[in-house]
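Undergrad: Sharing a structure here in structure tokens format.
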Amino acid sequence: IGTEKVGRLFGPIMAVYFVVLAVMGVAHIVARPDILFALNPVYAVRFAMNDGGLAFLALGSVVLAVTGAEALYADMGHFGRKPISYAWLGFVLPALMLNYLGQGAMLLEQPQAAENPFFLMAPEDWRLPLVILATLATVIASQAVITGAYSVVQQAVQLGLMPRIRITHTSASEAGQIYIP
């Protein structure tokens with residue numbers, strides 16, 4: 001049905017998801033504001049110096065998480081550099097940071113929550129709605145990867161790196177709005 005129509009449906013759900021992430025994080029940061037010291041890079045340097053092997057594994061996890069953003073940048077044809085930069089730096093990254101810091105704050109208070117810190121951040125009555133929202137966000141993220149793959153395929157065809165295939169443009173005004181049957 002075209003990425004524009006899919007984006008109109010998925011965009012608000014993802015906005016709600018990132019707002020929920022931020023709110024959950026802030027709720028726990030308020031209880032343990034000392035978690036904000038975790039943003040000090042000195043701790044990362046000490047961690048790397050004291051336990052290089054574990055720091056290497058932790059960095060590997062960070063790299064794996066960041067590679068998911070490749071689809072975002074492969075898909076710049078839909079939105080352009082500025083909107084993606086503003087959305088990432090002004091909304092998504094702060095929401096993720098607040099959530100991760102909130103998880104850390106919660107773990108300082110409740111070490112037993114390490115079994116599942118993300119979902120245990122939410123009050124018990126809100127866990128099922130959070131599971132549903134997180135599931136929707138996961139499905140949407142997988143669709144974003146598919147959309148990014150479409151863009152990469154289109155670019156590869158244009159560069160002559162792939163055989164020519166049928167690419168349908170679903171918008172008269174946006175060159176990046178495509179569908180590959």
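Labels used: A, B, ... for chains in the order of the structure tokens, numbers from 1 for residues in each chain, and numbers from 1 for ligands as shown.
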Can you pull out the residues contacting Met106 in chain A? Cut-off 9 Å, using only C-alpha atoms, and skip same-chain residues under 3 positions away; I want them as a ChimeraX atom specification.

TA: /A:25,28-29,31-32,101-103,109-111,113,117,120-121

Undergrad: As a PyMOL selection string, please: every residue in chain A that a backbone DSSP assignment puts in alpha helix (DSSP H).

TA: chain A and resi 3-31+41-50+52-67+69-74+76-79+81-87+93-109+117-120+127-158

Undergrad: Rounded to one decimal in Å, what is the spacing between CA of Ser61 in chain A and CA of Gln143 in chain A?

TA: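 Separation of CA of Ser61 in chain A and CA of Gln143 in chain A: 22.4 Å.
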
Undergrad: Show which residues sit within 12 Å of Leu93 in chain A, as a PDB file with N, CA, C and O atoms, in the first residue's frame. Count only C-alpha atoms, and ignore same-chain residues fewer than 3 positions away.

TA:
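Wrote it out as result_33.pdb, contents follow:
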```pdb
ATOM      1  N   PHE A  18       7.897   5.858  22.308  1.00  0.00           N
ATOM      2  CA  PHE A  18       9.063   6.574  22.822  1.00  0.00           C
ATOM      3  C   PHE A  18       8.694   7.493  23.985  1.00  0.00           C
ATOM      4  O   PHE A  18       9.488   7.672  24.911  1.00  0.00           O
ATOM      5  N   VAL A  19       7.490   8.060  23.978  1.00  0.00           N
ATOM      6  CA  VAL A  19       7.040   8.851  25.127  1.00  0.00           C
ATOM      7  C   VAL A  19       6.919   7.952  26.357  1.00  0.00           C
ATOM      8  O   VAL A  19       7.361   8.322  27.457  1.00  0.00           O
ATOM      9  N   LEU A  21       8.566   5.187  26.919  1.00  0.00           N
ATOM     10  CA  LEU A  21       9.930   4.867  27.362  1.00  0.00           C
ATOM     11  C   LEU A  21      10.495   5.982  28.233  1.00  0.00           C
ATOM     12  O   LEU A  21      11.065   5.731  29.301  1.00  0.00           O
ATOM     13  N   ALA A  22      10.331   7.221  27.783  1.00  0.00           N
ATOM     14  CA  ALA A  22      10.870   8.361  28.522  1.00  0.00           C
ATOM     15  C   ALA A  22      10.190   8.516  29.872  1.00  0.00           C
ATOM     16  O   ALA A  22      10.861   8.716  30.895  1.00  0.00           O
ATOM     17  N   VAL A  66      23.370  -0.281  17.668  1.00  0.00           N
ATOM     18  CA  VAL A  66      23.487   0.861  16.766  1.00  0.00           C
ATOM     19  C   VAL A  66      23.307   0.444  15.310  1.00  0.00           C
ATOM     20  O   VAL A  66      22.799   1.217  14.498  1.00  0.00           O
ATOM     21  N   ALA A  69      20.233   1.168  13.394  1.00  0.00           N
ATOM     22  CA  ALA A  69      20.024   2.510  12.841  1.00  0.00           C
ATOM     23  C   ALA A  69      20.424   2.581  11.371  1.00  0.00           C
ATOM     24  O   ALA A  69      20.080   3.548  10.684  1.00  0.00           O
ATOM     25  N   ILE A  84      15.304  13.485   9.949  1.00  0.00           N
ATOM     26  CA  ILE A  84      15.808  12.302  10.653  1.00  0.00           C
ATOM     27  C   ILE A  84      16.728  12.725  11.797  1.00  0.00           C
ATOM     28  O   ILE A  84      16.647  12.202  12.903  1.00  0.00           O
ATOM     29  N   SER A  85      17.588  13.706  11.545  1.00  0.00           N
ATOM     30  CA  SER A  85      18.482  14.194  12.605  1.00  0.00           C
ATOM     31  C   SER A  85      17.690  14.782  13.761  1.00  0.00           C
ATOM     32  O   SER A  85      17.976  14.505  14.929  1.00  0.00           O
ATOM     33  N   TYR A  86      16.689  15.606  13.447  1.00  0.00           N
ATOM     34  CA  TYR A  86      15.876  16.223  14.502  1.00  0.00           C
ATOM     35  C   TYR A  86      15.120  15.162  15.297  1.00  0.00           C
ATOM     36  O   TYR A  86      15.061  15.218  16.522  1.00  0.00           O
ATOM     37  N   ALA A  87      14.524  14.198  14.597  1.00  0.00           N
ATOM     38  CA  ALA A  87      13.755  13.154  15.281  1.00  0.00           C
ATOM     39  C   ALA A  87      14.660  12.311  16.162  1.00  0.00           C
ATOM     40  O   ALA A  87      14.315  11.981  17.302  1.00  0.00           O
ATOM     41  N   TRP A  88      15.832  11.954  15.637  1.00  0.00           N
ATOM     42  CA  TRP A  88      16.746  11.102  16.403  1.00  0.00           C
ATOM     43  C   TRP A  88      17.325  11.843  17.602  1.00  0.00           C
ATOM     44  O   TRP A  88      17.233  11.388  18.733  1.00  0.00           O
ATOM     45  N   LEU A  89      17.906  13.021  17.348  1.00  0.00           N
ATOM     46  CA  LEU A  89      18.598  13.743  18.412  1.00  0.00           C
ATOM     47  C   LEU A  89      17.638  14.414  19.393  1.00  0.00           C
ATOM     48  O   LEU A  89      17.965  14.566  20.572  1.00  0.00           O
ATOM     49  N   GLY A  90      16.461  14.819  18.918  1.00  0.00           N
ATOM     50  CA  GLY A  90      15.544  15.542  19.779  1.00  0.00           C
ATOM     51  C   GLY A  90      14.467  14.702  20.432  1.00  0.00           C
ATOM     52  O   GLY A  90      13.793  15.167  21.351  1.00  0.00           O
ATOM     53  N   LEU A  96      15.370   7.056  24.696  1.00  0.00           N
ATOM     54  CA  LEU A  96      16.137   5.845  24.983  1.00  0.00           C
ATOM     55  C   LEU A  96      17.076   6.054  26.166  1.00  0.00           C
ATOM     56  O   LEU A  96      17.179   5.200  27.058  1.00  0.00           O
ATOM     57  N   MET A  97      17.760   7.186  26.194  1.00  0.00           N
ATOM     58  CA  MET A  97      18.686   7.463  27.301  1.00  0.00           C
ATOM     59  C   MET A  97      17.946   7.533  28.630  1.00  0.00           C
ATOM     60  O   MET A  97      18.410   6.988  29.636  1.00  0.00           O
ATOM     61  N   LEU A  98      16.789   8.214  28.637  1.00  0.00           N
ATOM     62  CA  LEU A  98      16.018   8.289  29.872  1.00  0.00           C
ATOM     63  C   LEU A  98      15.568   6.904  30.324  1.00  0.00           C
ATOM     64  O   LEU A  98      15.602   6.586  31.515  1.00  0.00           O
ATOM     65  N   ASN A  99      15.172   6.069  29.369  1.00  0.00           N
ATOM     66  CA  ASN A  99      14.731   4.733  29.729  1.00  0.00           C
ATOM     67  C   ASN A  99      15.880   3.898  30.278  1.00  0.00           C
ATOM     68  O   ASN A  99      15.730   3.221  31.297  1.00  0.00           O
ATOM     69  N   TYR A 100      17.036   3.942  29.601  1.00  0.00           N
ATOM     70  CA  TYR A 100      18.182   3.162  30.076  1.00  0.00           C
ATOM     71  C   TYR A 100      18.644   3.648  31.447  1.00  0.00           C
ATOM     72  O   TYR A 100      18.973   2.842  32.322  1.00  0.00           O
TER      73      TYR A 100
END
```

Undergrad: With distances taken over only C-alpha atoms, which residue among A:Ala156, A:Met14, A:Ala44, A:Leu108 lies nearest Thr135 in chain A?

TA: A:Met14

Undergrad: Rounded to one decimal in Å, what is the spacing between CA of Ala105 in chain A and CA of Ile132 in chain A?

TA: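 Interatomic distance here is 24.2 Å.
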
Undergrad: Write out as a PDB file with N, CA, C and O atoms, in the first residue's frame the residues lying within 9 Å of Ile165 in chain A, counting only C-alpha atoms and excluding same-chain residues fewer than 3 positions away.

TA:
```
ATOM      1  N   GLN A 154      16.761  -0.314  -4.287  1.00  0.00           N
ATOM      2  CA  GLN A 154      16.593   0.711  -5.320  1.00  0.00           C
ATOM      3  C   GLN A 154      17.926   1.397  -5.630  1.00  0.00           C
ATOM      4  O   GLN A 154      18.280   1.593  -6.793  1.00  0.00           O
ATOM      5  N   VAL A 157      20.156  -0.960  -7.621  1.00  0.00           N
ATOM      6  CA  VAL A 157      19.724  -1.041  -9.030  1.00  0.00           C
ATOM      7  C   VAL A 157      20.203   0.190  -9.771  1.00  0.00           C
ATOM      8  O   VAL A 157      20.744   0.095 -10.884  1.00  0.00           O
ATOM      9  N   MET A 162      22.817  -4.358  -9.017  1.00  0.00           N
ATOM     10  CA  MET A 162      21.796  -5.406  -9.029  1.00  0.00           C
ATOM     11  C   MET A 162      21.097  -5.361 -10.382  1.00  0.00           C
ATOM     12  O   MET A 162      21.063  -4.310 -11.024  1.00  0.00           O
ATOM     13  N   ILE A 180       8.293  -2.440  -3.979  1.00  0.00           N
ATOM     14  CA  ILE A 180       8.865  -3.440  -4.878  1.00  0.00           C
ATOM     15  C   ILE A 180       7.979  -4.672  -4.775  1.00  0.00           C
ATOM     16  O   ILE A 180       7.963  -5.345  -3.749  1.00  0.00           O
TER      17      ILE A 180
END
```
